[in-house]
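Dumped my_file_34.txt below, it's compact mmCIF, C-alpha atoms:
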```txt
# COMPACT_ATOMS: atom_id res chain seq x y z
CA MET N 17 -23.18 -104.18 48.63
CA LYS N 18 -26.40 -104.00 50.61
CA LYS N 19 -29.26 -104.54 48.17
CA GLY N 20 -32.94 -103.71 48.45
CA MET N 21 -32.59 -101.93 51.80
CA PRO N 22 -34.71 -98.97 52.99
CA GLN N 23 -33.20 -95.49 52.79
CA PRO N 24 -29.63 -96.02 54.03
CA GLU N 25 -28.02 -94.13 56.89
CA ILE N 26 -25.56 -92.40 54.55
CA LEU N 27 -28.43 -90.68 52.73
CA ARG N 28 -29.99 -89.62 56.02
CA ARG N 29 -26.62 -88.14 56.93
CA VAL N 30 -26.52 -86.23 53.63
CA GLU N 31 -30.00 -84.83 54.26
CA LYS N 32 -29.12 -83.96 57.86
CA ASN N 33 -26.35 -81.76 56.46
CA GLY N 34 -28.94 -79.89 54.40
CA TYR N 35 -28.12 -81.48 51.04
CA LEU N 36 -30.35 -83.15 48.49
CA THR N 37 -30.57 -86.87 47.83
CA PHE N 38 -31.74 -88.40 44.56
CA LYS N 39 -34.37 -91.09 44.07
CA GLY N 40 -35.45 -93.05 41.04
CA ARG N 41 -33.92 -95.73 38.89
CA TYR N 42 -30.15 -95.24 38.51
CA ASN N 43 -30.28 -91.65 39.78
CA LEU N 44 -26.88 -91.97 41.43
CA ASN N 45 -25.93 -90.40 44.75
CA LEU N 46 -22.13 -89.97 44.85
CA ILE N 47 -20.92 -89.26 48.38
CA ALA N 48 -17.26 -88.86 49.28
CA ILE N 49 -16.45 -89.27 52.96
CA ARG N 50 -13.17 -87.72 54.07
CA GLY N 51 -11.74 -89.50 57.10
CA THR N 52 -10.00 -87.98 60.08
CA ASN N 53 -6.42 -88.86 59.04
CA ARG N 54 -4.71 -85.74 57.66
CA GLN N 55 -1.50 -87.53 56.63
CA ALA N 56 -1.32 -87.24 52.84
CA GLY N 57 -0.68 -90.22 50.63
CA PHE N 58 -3.13 -92.93 51.75
CA TYR N 59 -6.41 -94.29 50.40
CA ASP N 60 -8.12 -93.75 53.75
CA ASP N 61 -11.35 -92.10 52.61
CA MET N 62 -14.50 -93.59 51.05
CA LEU N 63 -16.63 -92.97 47.98
CA CYS N 64 -20.19 -94.18 48.42
CA VAL N 65 -22.65 -94.79 45.58
CA ALA N 66 -26.28 -95.13 46.63
CA TYR N 67 -28.98 -95.79 44.05
CA GLN N 68 -32.24 -97.52 43.26
CA ASP N 69 -32.67 -99.90 40.34
CA PHE N 70 -36.13 -101.49 40.52
CA GLY N 71 -38.61 -100.84 43.31
CA GLU N 72 -38.20 -98.69 46.40
CA GLY N 73 -35.15 -100.41 47.89
CA TRP N 74 -31.61 -99.03 47.83
CA ASN N 75 -28.26 -100.42 46.74
CA VAL N 76 -25.18 -99.03 48.49
CA LEU N 77 -21.53 -99.48 47.51
CA TYR N 78 -18.43 -98.19 49.30
CA TYR N 79 -15.07 -97.84 47.58
CA PRO N 80 -11.80 -96.94 49.34
CA CYS N 81 -10.41 -93.75 47.80
CA THR N 82 -8.53 -90.57 48.54
CA THR N 83 -10.25 -87.19 48.58
CA ASP N 84 -6.90 -85.41 48.90
CA ALA N 85 -3.72 -84.98 46.93
CA GLY N 86 -1.00 -87.53 47.57
CA GLU N 87 2.23 -86.71 49.34
CA PHE N 88 4.15 -85.84 46.18
CA TYR N 89 1.73 -83.09 45.06
CA SER N 90 1.21 -81.93 48.64
CA ARG N 91 4.93 -81.16 48.72
CA ASN N 92 5.11 -80.10 45.06
CA PRO N 93 1.86 -78.27 44.13
CA ILE N 94 1.14 -78.81 40.46
CA LEU N 95 0.61 -75.07 39.88
CA GLY N 96 3.53 -74.03 42.08
CA GLU N 97 4.17 -73.04 45.68
CA ALA N 98 2.48 -69.64 45.36
CA VAL N 99 -0.82 -71.25 44.33
CA GLY N 100 -0.78 -74.32 46.58
CA THR N 101 -2.35 -77.76 46.47
CA ALA N 102 -6.09 -78.05 45.80
CA ARG N 103 -8.23 -79.68 48.49
CA ILE N 104 -11.97 -80.00 47.81
CA CYS N 105 -14.11 -78.39 50.49
CA PRO N 106 -17.03 -80.26 52.05
CA GLY N 107 -20.28 -79.46 50.26
CA GLN N 108 -22.65 -80.58 47.56
CA TYR N 109 -21.71 -79.84 43.97
CA ARG N 110 -24.80 -80.19 41.79
CA GLY N 111 -24.08 -81.52 38.31
CA ALA N 112 -20.39 -80.64 38.64
CA TYR N 113 -19.13 -83.93 37.19
CA GLN N 114 -19.67 -85.34 33.73
CA TYR N 115 -19.03 -88.70 32.10
CA GLY N 116 -16.04 -88.10 29.85
CA ARG N 117 -12.42 -88.86 29.04
CA TYR N 118 -9.59 -88.61 31.54
CA LYS N 119 -6.26 -89.42 29.87
CA ASN N 120 -7.09 -92.56 27.87
CA TYR N 121 -10.16 -93.89 29.71
CA GLN N 122 -13.68 -92.92 30.78
CA ALA N 123 -14.03 -91.19 34.13
CA LEU N 124 -16.11 -88.54 35.87
CA VAL N 125 -14.53 -85.21 35.05
CA GLN N 126 -14.99 -81.63 36.18
CA ARG N 127 -15.31 -79.77 32.91
CA ASN N 128 -18.24 -77.36 33.12
CA PRO N 129 -17.18 -73.95 34.49
CA GLU N 130 -20.87 -73.15 35.07
CA LYS N 131 -20.99 -75.98 37.65
CA PRO N 132 -18.07 -75.08 39.93
CA ILE N 133 -16.65 -76.71 43.03
CA THR N 134 -15.01 -75.02 46.01
CA ILE N 135 -11.49 -75.75 47.21
CA TRP N 136 -8.93 -74.67 49.75
CA ARG N 137 -5.33 -74.03 48.68
CA ASP N 138 -2.77 -75.70 50.93
CA LYS N 139 0.55 -73.85 50.59
CA ASN N 140 2.55 -75.43 53.41
CA ARG N 141 4.26 -77.97 51.14
CA ASP N 142 4.29 -80.68 53.80
CA SER N 143 2.65 -84.09 54.02
CA ILE N 144 -0.23 -82.92 56.23
CA ALA N 145 -3.51 -81.97 54.53
CA ASN N 146 -4.46 -78.51 55.79
CA LEU N 147 -8.23 -78.09 55.52
CA GLY N 148 -9.33 -74.53 56.05
CA GLY N 149 -8.55 -70.96 55.16
CA GLU N 150 -9.46 -68.96 52.08
CA LYS N 151 -11.83 -70.68 49.66
CA PHE N 152 -11.78 -70.55 45.87
CA THR N 153 -14.67 -71.51 43.62
CA GLY N 154 -14.31 -72.57 39.99
CA SER N 155 -13.19 -75.41 37.74
CA PHE N 156 -9.91 -76.94 38.95
CA SER N 157 -9.71 -80.30 37.12
CA CYS N 158 -10.41 -82.15 40.38
CA HIS N 159 -11.73 -85.26 38.65
CA ILE N 160 -12.94 -88.65 39.90
CA HIS N 161 -10.66 -91.28 38.39
CA ARG N 162 -8.63 -94.39 39.17
CA ALA N 163 -4.99 -95.13 39.90
CA GLY N 164 -2.85 -96.78 37.24
CA VAL N 165 -3.87 -100.30 36.22
CA ASN N 166 -0.32 -101.60 36.62
CA THR N 167 0.47 -100.05 39.99
CA THR N 168 1.67 -102.54 42.58
CA GLU N 169 1.08 -100.20 45.53
CA LYS N 170 -2.62 -100.17 46.41
CA HIS N 171 -2.26 -98.30 49.70
CA ARG N 172 -0.17 -95.26 48.72
CA VAL N 173 -1.49 -92.53 46.45
CA GLY N 174 1.86 -91.59 44.92
CA LYS N 175 1.45 -89.22 41.98
CA TYR N 176 -2.09 -90.32 41.13
CA SER N 177 -3.77 -87.34 42.80
CA ALA N 178 -2.90 -83.65 42.72
CA GLY N 179 -6.33 -82.86 44.19
CA CYS N 180 -8.61 -85.41 42.50
CA ILE N 181 -10.72 -88.13 44.09
CA VAL N 182 -8.92 -91.36 43.19
CA ILE N 183 -10.05 -94.98 43.54
CA PRO N 184 -7.08 -97.37 43.68
CA GLU N 185 -8.76 -100.63 42.62
CA LYS N 186 -9.59 -100.88 38.91
CA ALA N 187 -12.45 -103.33 39.55
CA ASN N 188 -14.15 -100.84 41.90
CA PHE N 189 -13.66 -97.99 39.49
CA ASP N 190 -14.98 -100.03 36.56
CA GLN N 191 -18.10 -100.80 38.59
CA LEU N 192 -18.60 -97.07 39.28
CA ILE N 193 -18.28 -96.29 35.57
CA HIS N 194 -20.71 -99.12 34.74
CA LEU N 195 -23.26 -97.51 37.09
CA ALA N 196 -22.63 -94.12 35.51
CA GLN N 197 -23.39 -95.66 32.13
CA LYS N 198 -26.58 -97.16 33.61
CA GLN N 199 -27.68 -93.68 34.70
CA ILE N 200 -27.01 -92.29 31.23
CA SER N 201 -28.95 -95.13 29.60
CA ALA N 202 -31.89 -95.04 32.03
CA ARG N 203 -32.23 -91.27 32.50
CA GLY N 204 -30.41 -89.63 29.60
CA ILE N 205 -28.31 -87.61 32.06
CA ASP N 206 -24.51 -87.68 31.83
CA THR N 207 -23.82 -85.32 34.74
CA PHE N 208 -23.38 -86.26 38.38
CA THR N 209 -23.62 -84.51 41.73
CA LEU N 210 -20.84 -85.01 44.26
CA THR N 211 -21.47 -84.56 47.98
CA LEU N 212 -18.34 -84.43 50.13
CA LEU N 213 -18.76 -85.06 53.85
CA GLN N 214 -15.92 -84.59 56.30
CA ASP N 215 -15.52 -86.57 59.54
```

Representation of the structure as structure tokens:
Amino acid sequence: MKKGMPQPEILRRVEKNGYLTFKGRYNLNLIAIRGTNRQAGFYDDMLCVAYQDFGEGWNVLYYPCTTDAGEFYSRNPILGEAVGTARICPGQYRGAYQYGRYKNYQALVQRNPEKPITIWRDKNRDSIANLGGEKFTGSFSCHIHRAGVNTTEKHRVGKYSAGCIVIPEKANFDQLIHLAQKQISARGIDTFTLTLLQD
């Protein structure tokens, strides 16, 4: 973590893409950065959290993650071959995520149909993430959550993502949730904006 720094480069990149950034104590900026590798099944993307606590400086954290479905759900779309696998499109999704329950733990979940996200549907059923084509906007249960606490494979996504953003390391995810709780406590806001950038 880089602490107390001036506005970080990642926020300048967000603004350069025409998106908003958020200032103020624990007003979290959540930025997913999709890497260039299109092979499904690896934690080869990043989730950045940039925020201020006290003063004008910035704190920036980067967590390895996946922004795409793993290989299993790329080959076996959860809603069937005709529908295809969800892949979140680059963009900024204002207030689209909320602090809430995913399975048996707290996560950031997409649950408000009035705050939609936009996805592509990949119907090829192969292990390559196809990014493009017809877009669909709505609520698709593309949450931000962690992999299983007992998993021994920290590099392969397995069945942990059918289109969600997944952080493999529990310690990293717990830190993200702790910061989400800080935002709720400091600002009384339990919703979060996700910006997805694509290399």

Please report, as a tab-separated table, each residue of region 36-85 of chain N lying at most 10 Å from region 197-213 of chain N, together with the nearest pair of atoms and the separation in Å rounded to one decimal; use all atoms listed in the file, and order rows by chain and ascending residue number.
```
residue	atom	partner	partner_atom	distance
N:Leu36	CA	N:Thr211	CA	9.0
N:Thr37	CA	N:Thr211	CA	9.4
N:Phe38	CA	N:Thr209	CA	9.4
N:Gly40	CA	N:Arg203	CA	9.3
N:Arg41	CA	N:Ala202	CA	7.2
N:Tyr42	CA	N:Gln199	CA	4.8
N:Asn43	CA	N:Gln199	CA	6.1
N:Leu44	CA	N:Gln199	CA	7.0
N:Asn45	CA	N:Thr209	CA	7.0
N:Leu46	CA	N:Leu210	CA	5.2
N:Ile47	CA	N:Thr211	CA	4.7
N:Ala48	CA	N:Leu212	CA	4.6
N:Ile49	CA	N:Leu213	CA	4.9
N:Arg50	CA	N:Leu213	CA	6.2
N:Gly51	CA	N:Leu213	CA	8.9
N:Met62	CA	N:Leu213	CA	9.9
N:Leu63	CA	N:Leu212	CA	9.0
N:Cys64	CA	N:Thr211	CA	9.7
N:Tyr67	CA	N:Gln199	CA	9.7
N:Asp69	CA	N:Lys198	CA	9.5
N:Thr83	CA	N:Leu212	CA	8.7
```

- [ ] Could you jot down the CA of Lys39 (chain N) to CA of Gln108 (chain N) separation for me, Å, one decimal place?
- [x]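 One can read the CA of Lys39 (chain N) to CA of Gln108 (chain N) distance as 16.1 Å.
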
Task: Given only C-alpha atoms as the counted atoms, nearest of N:Ile135, N:Val65, N:Cys158, N:Ala112 to Gly179 (chain N) - done: N:Cys158

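Here CA of His159 (chain N) is placed at a distance of 19.3 Å from CA of Ala66 (chain N).
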
With the cut-off set at 12 Å and counting all atoms listed in the file, tabulate each residue of region 35-85 of chain N with an atom at most that distance from an atom of region 147-155 of chain N, showing the nearest atom pair and its distance in Å to one decimal, ordered by chain and increasing number, as a tab-separated table.
```
residue	atom	partner	partner_atom	distance
N:Arg50	CA	N:Leu147	CA	10.9
N:Thr52	CA	N:Leu147	CA	11.0
N:Asn53	CA	N:Leu147	CA	11.5
N:Arg54	CA	N:Leu147	CA	8.7
N:Gln55	CA	N:Leu147	CA	11.6
N:Ala56	CA	N:Leu147	CA	11.8
N:Thr83	CA	N:Leu147	CA	11.6
N:Asp84	CA	N:Leu147	CA	10.0
N:Ala85	CA	N:Leu147	CA	11.9
```

Listed atoms of region 111-130 of chain N boxed axis-aligned with 6 Å per side, centre + edges as AutoDock Vina command-line options:
```
--center_x -15.2 --center_y -83.5 --center_z 33.3 --size_x 29.8 --size_y 32.7 --size_z 22.8
```

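Straight-line separation from CA of Ser157 (chain N) to CA of Arg127 (chain N): 7.0 Å.
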
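Among the candidate residues N:Thr101, N:Gln114, N:Asn75, N:Asn120, the one lying nearest to Ser177 (chain N) is N:Thr101, with distances computed using all atoms listed in the file.
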
TODO: Could you tell me which of N:Gly111, N:Gly96, N:Gly174, N:Gly164 comes closest to Asn140 (chain N) if we count only C-alpha atoms?
DONE: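 Selected residue with least distance to Asn140 (chain N): N:Gly96.
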
- [ ] Compare N:Arg172, N:Pro80, N:Ile160, N:Pro184 by their minimum atom-to-atom distance to Gln122 (chain N), counting all atoms listed in the file, and give me the closest one.
- [x]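 Checking each candidate against Gln122 (chain N), we get N:Ile160 as the closest.
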
Task: Long-range neighbours of Lys175 (chain N) as a ChimeraX atom specification, 8 Å cut-off, only C-alpha atoms, 2 positions minimum in chain - done: /N:86-89,173,177-178

Open item on the list: With 6 Å as the threshold, what does the neighbourhood of (-17.2, -89.1, 34.5) contain in terms of residues, counting only C-alpha atoms? Coordinates are those of the file; answer as a list in words.
Closed with: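 Those residues, ordered by chain and then number, are Gln114, Tyr115, Gly116, Ala123, Leu124 and Val125 of chain N.
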
TODO: For each of N:Pro129, N:Gly34, N:Pro22, N:Gly57, take the minimum atom-to-atom distance to His171 (chain N), counting all atoms listed in the file, then give the residue where this is smallest.
DONE: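 Result for the nearest residue to His171 (chain N): N:Gly57.
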
TODO: Between N:Glu25, N:Glu185, N:Asp215, N:Asp190, single out the one closest to Val76 (chain N), counting all atoms listed in the file.
DONE: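 Ranked by minimum distance to Val76 (chain N), first place goes to N:Glu25.
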
Starting from the incomplete input, reconstruct N, CA and C atoms of region 75-106 of chain N and write that as a PDB file, in the coordinates of the input.
```pdb
ATOM      1  N   ASN N  75     -29.535 -99.710  46.847  1.00  0.00           N
ATOM      2  CA  ASN N  75     -28.260-100.420  46.740  1.00  0.00           C
ATOM      3  C   ASN N  75     -27.169 -99.443  47.159  1.00  0.00           C
ATOM      4  N   VAL N  76     -26.228 -99.913  47.978  1.00  0.00           N
ATOM      5  CA  VAL N  76     -25.180 -99.030  48.490  1.00  0.00           C
ATOM      6  C   VAL N  76     -23.818 -99.714  48.325  1.00  0.00           C
ATOM      7  N   LEU N  77     -22.894 -98.994  47.715  1.00  0.00           N
ATOM      8  CA  LEU N  77     -21.530 -99.480  47.510  1.00  0.00           C
ATOM      9  C   LEU N  77     -20.550 -98.496  48.140  1.00  0.00           C
ATOM     10  N   TYR N  78     -19.488 -99.022  48.729  1.00  0.00           N
ATOM     11  CA  TYR N  78     -18.430 -98.190  49.300  1.00  0.00           C
ATOM     12  C   TYR N  78     -17.100 -98.583  48.678  1.00  0.00           C
ATOM     13  N   TYR N  79     -16.369 -97.595  48.182  1.00  0.00           N
ATOM     14  CA  TYR N  79     -15.070 -97.840  47.580  1.00  0.00           C
ATOM     15  C   TYR N  79     -13.998 -97.064  48.348  1.00  0.00           C
ATOM     16  N   PRO N  80     -12.922 -97.713  48.794  1.00  0.00           N
ATOM     17  CA  PRO N  80     -11.800 -96.940  49.340  1.00  0.00           C
ATOM     18  C   PRO N  80     -11.279 -95.959  48.285  1.00  0.00           C
ATOM     19  N   CYS N  81     -10.894 -94.778  48.734  1.00  0.00           N
ATOM     20  CA  CYS N  81     -10.410 -93.750  47.800  1.00  0.00           C
ATOM     21  C   CYS N  81      -9.565 -92.756  48.585  1.00  0.00           C
ATOM     22  N   THR N  82      -9.055 -91.766  47.891  1.00  0.00           N
ATOM     23  CA  THR N  82      -8.530 -90.570  48.540  1.00  0.00           C
ATOM     24  C   THR N  82      -9.335 -89.382  48.049  1.00  0.00           C
ATOM     25  N   THR N  83      -9.620 -88.457  48.966  1.00  0.00           N
ATOM     26  CA  THR N  83     -10.250 -87.190  48.580  1.00  0.00           C
ATOM     27  C   THR N  83      -9.221 -86.063  48.565  1.00  0.00           C
ATOM     28  N   ASP N  84      -7.956 -86.413  48.787  1.00  0.00           N
ATOM     29  CA  ASP N  84      -6.900 -85.410  48.900  1.00  0.00           C
ATOM     30  C   ASP N  84      -5.709 -85.756  48.013  1.00  0.00           C
ATOM     31  N   ALA N  85      -4.956 -84.758  47.692  1.00  0.00           N
ATOM     32  CA  ALA N  85      -3.720 -84.980  46.930  1.00  0.00           C
ATOM     33  C   ALA N  85      -2.786 -85.903  47.700  1.00  0.00           C
ATOM     34  N   GLY N  86      -2.009 -86.681  46.949  1.00  0.00           N
ATOM     35  CA  GLY N  86      -1.000 -87.530  47.570  1.00  0.00           C
ATOM     36  C   GLY N  86       0.165 -86.706  48.094  1.00  0.00           C
ATOM     37  N   GLU N  87       1.112 -87.400  48.705  1.00  0.00           N
ATOM     38  CA  GLU N  87       2.230 -86.710  49.340  1.00  0.00           C
ATOM     39  C   GLU N  87       3.087 -85.946  48.336  1.00  0.00           C
ATOM     40  N   PHE N  88       3.288 -86.507  47.146  1.00  0.00           N
ATOM     41  CA  PHE N  88       4.150 -85.840  46.180  1.00  0.00           C
ATOM     42  C   PHE N  88       3.599 -84.458  45.822  1.00  0.00           C
ATOM     43  N   TYR N  89       2.293 -84.384  45.474  1.00  0.00           N
ATOM     44  CA  TYR N  89       1.730 -83.090  45.060  1.00  0.00           C
ATOM     45  C   TYR N  89       1.369 -82.210  46.249  1.00  0.00           C
ATOM     46  N   SER N  90       1.327 -82.784  47.453  1.00  0.00           N
ATOM     47  CA  SER N  90       1.210 -81.930  48.640  1.00  0.00           C
ATOM     48  C   SER N  90       2.508 -81.157  48.858  1.00  0.00           C
ATOM     49  N   ARG N  91       3.626 -81.818  48.572  1.00  0.00           N
ATOM     50  CA  ARG N  91       4.930 -81.160  48.720  1.00  0.00           C
ATOM     51  C   ARG N  91       5.332 -80.369  47.478  1.00  0.00           C
ATOM     52  N   ASN N  92       4.760 -80.733  46.332  1.00  0.00           N
ATOM     53  CA  ASN N  92       5.110 -80.100  45.060  1.00  0.00           C
ATOM     54  C   ASN N  92       3.823 -79.724  44.328  1.00  0.00           C
ATOM     55  N   PRO N  93       3.139 -78.637  44.756  1.00  0.00           N
ATOM     56  CA  PRO N  93       1.860 -78.270  44.130  1.00  0.00           C
ATOM     57  C   PRO N  93       1.999 -78.168  42.612  1.00  0.00           C
ATOM     58  N   ILE N  94       1.032 -78.717  41.910  1.00  0.00           N
ATOM     59  CA  ILE N  94       1.140 -78.810  40.460  1.00  0.00           C
ATOM     60  C   ILE N  94       1.175 -77.445  39.788  1.00  0.00           C
ATOM     61  N   LEU N  95       0.582 -76.435  40.431  1.00  0.00           N
ATOM     62  CA  LEU N  95       0.610 -75.070  39.880  1.00  0.00           C
ATOM     63  C   LEU N  95       1.642 -74.191  40.582  1.00  0.00           C
ATOM     64  N   GLY N  96       2.465 -74.795  41.431  1.00  0.00           N
ATOM     65  CA  GLY N  96       3.530 -74.030  42.080  1.00  0.00           C
ATOM     66  C   GLY N  96       3.208 -73.664  43.513  1.00  0.00           C
ATOM     67  N   GLU N  97       4.269 -73.346  44.244  1.00  0.00           N
ATOM     68  CA  GLU N  97       4.170 -73.040  45.680  1.00  0.00           C
ATOM     69  C   GLU N  97       3.254 -71.860  45.956  1.00  0.00           C
ATOM     70  N   ALA N  98       3.280 -70.840  45.104  1.00  0.00           N
ATOM     71  CA  ALA N  98       2.480 -69.640  45.360  1.00  0.00           C
ATOM     72  C   ALA N  98       0.991 -69.922  45.289  1.00  0.00           C
ATOM     73  N   VAL N  99       0.606 -70.920  44.476  1.00  0.00           N
ATOM     74  CA  VAL N  99      -0.820 -71.250  44.330  1.00  0.00           C
ATOM     75  C   VAL N  99      -1.245 -72.266  45.380  1.00  0.00           C
ATOM     76  N   GLY N 100      -0.458 -73.304  45.581  1.00  0.00           N
ATOM     77  CA  GLY N 100      -0.780 -74.320  46.580  1.00  0.00           C
ATOM     78  C   GLY N 100      -1.535 -75.505  46.009  1.00  0.00           C
ATOM     79  N   THR N 101      -1.697 -76.513  46.850  1.00  0.00           N
ATOM     80  CA  THR N 101      -2.350 -77.760  46.470  1.00  0.00           C
ATOM     81  C   THR N 101      -3.858 -77.655  46.685  1.00  0.00           C
ATOM     82  N   ALA N 102      -4.633 -78.103  45.702  1.00  0.00           N
ATOM     83  CA  ALA N 102      -6.090 -78.050  45.800  1.00  0.00           C
ATOM     84  C   ALA N 102      -6.607 -79.126  46.750  1.00  0.00           C
ATOM     85  N   ARG N 103      -7.528 -78.727  47.623  1.00  0.00           N
ATOM     86  CA  ARG N 103      -8.230 -79.680  48.490  1.00  0.00           C
ATOM     87  C   ARG N 103      -9.713 -79.331  48.445  1.00  0.00           C
ATOM     88  N   ILE N 104     -10.533 -80.267  47.991  1.00  0.00           N
ATOM     89  CA  ILE N 104     -11.970 -80.000  47.810  1.00  0.00           C
ATOM     90  C   ILE N 104     -12.620 -79.766  49.170  1.00  0.00           C
ATOM     91  N   CYS N 105     -13.397 -78.697  49.264  1.00  0.00           N
ATOM     92  CA  CYS N 105     -14.110 -78.390  50.490  1.00  0.00           C
ATOM     93  C   CYS N 105     -15.352 -79.268  50.628  1.00  0.00           C
ATOM     94  N   PRO N 106     -15.761 -79.574  51.865  1.00  0.00           N
ATOM     95  CA  PRO N 106     -17.030 -80.260  52.050  1.00  0.00           C
ATOM     96  C   PRO N 106     -18.172 -79.451  51.431  1.00  0.00           C
TER      97      PRO N 106
END
```
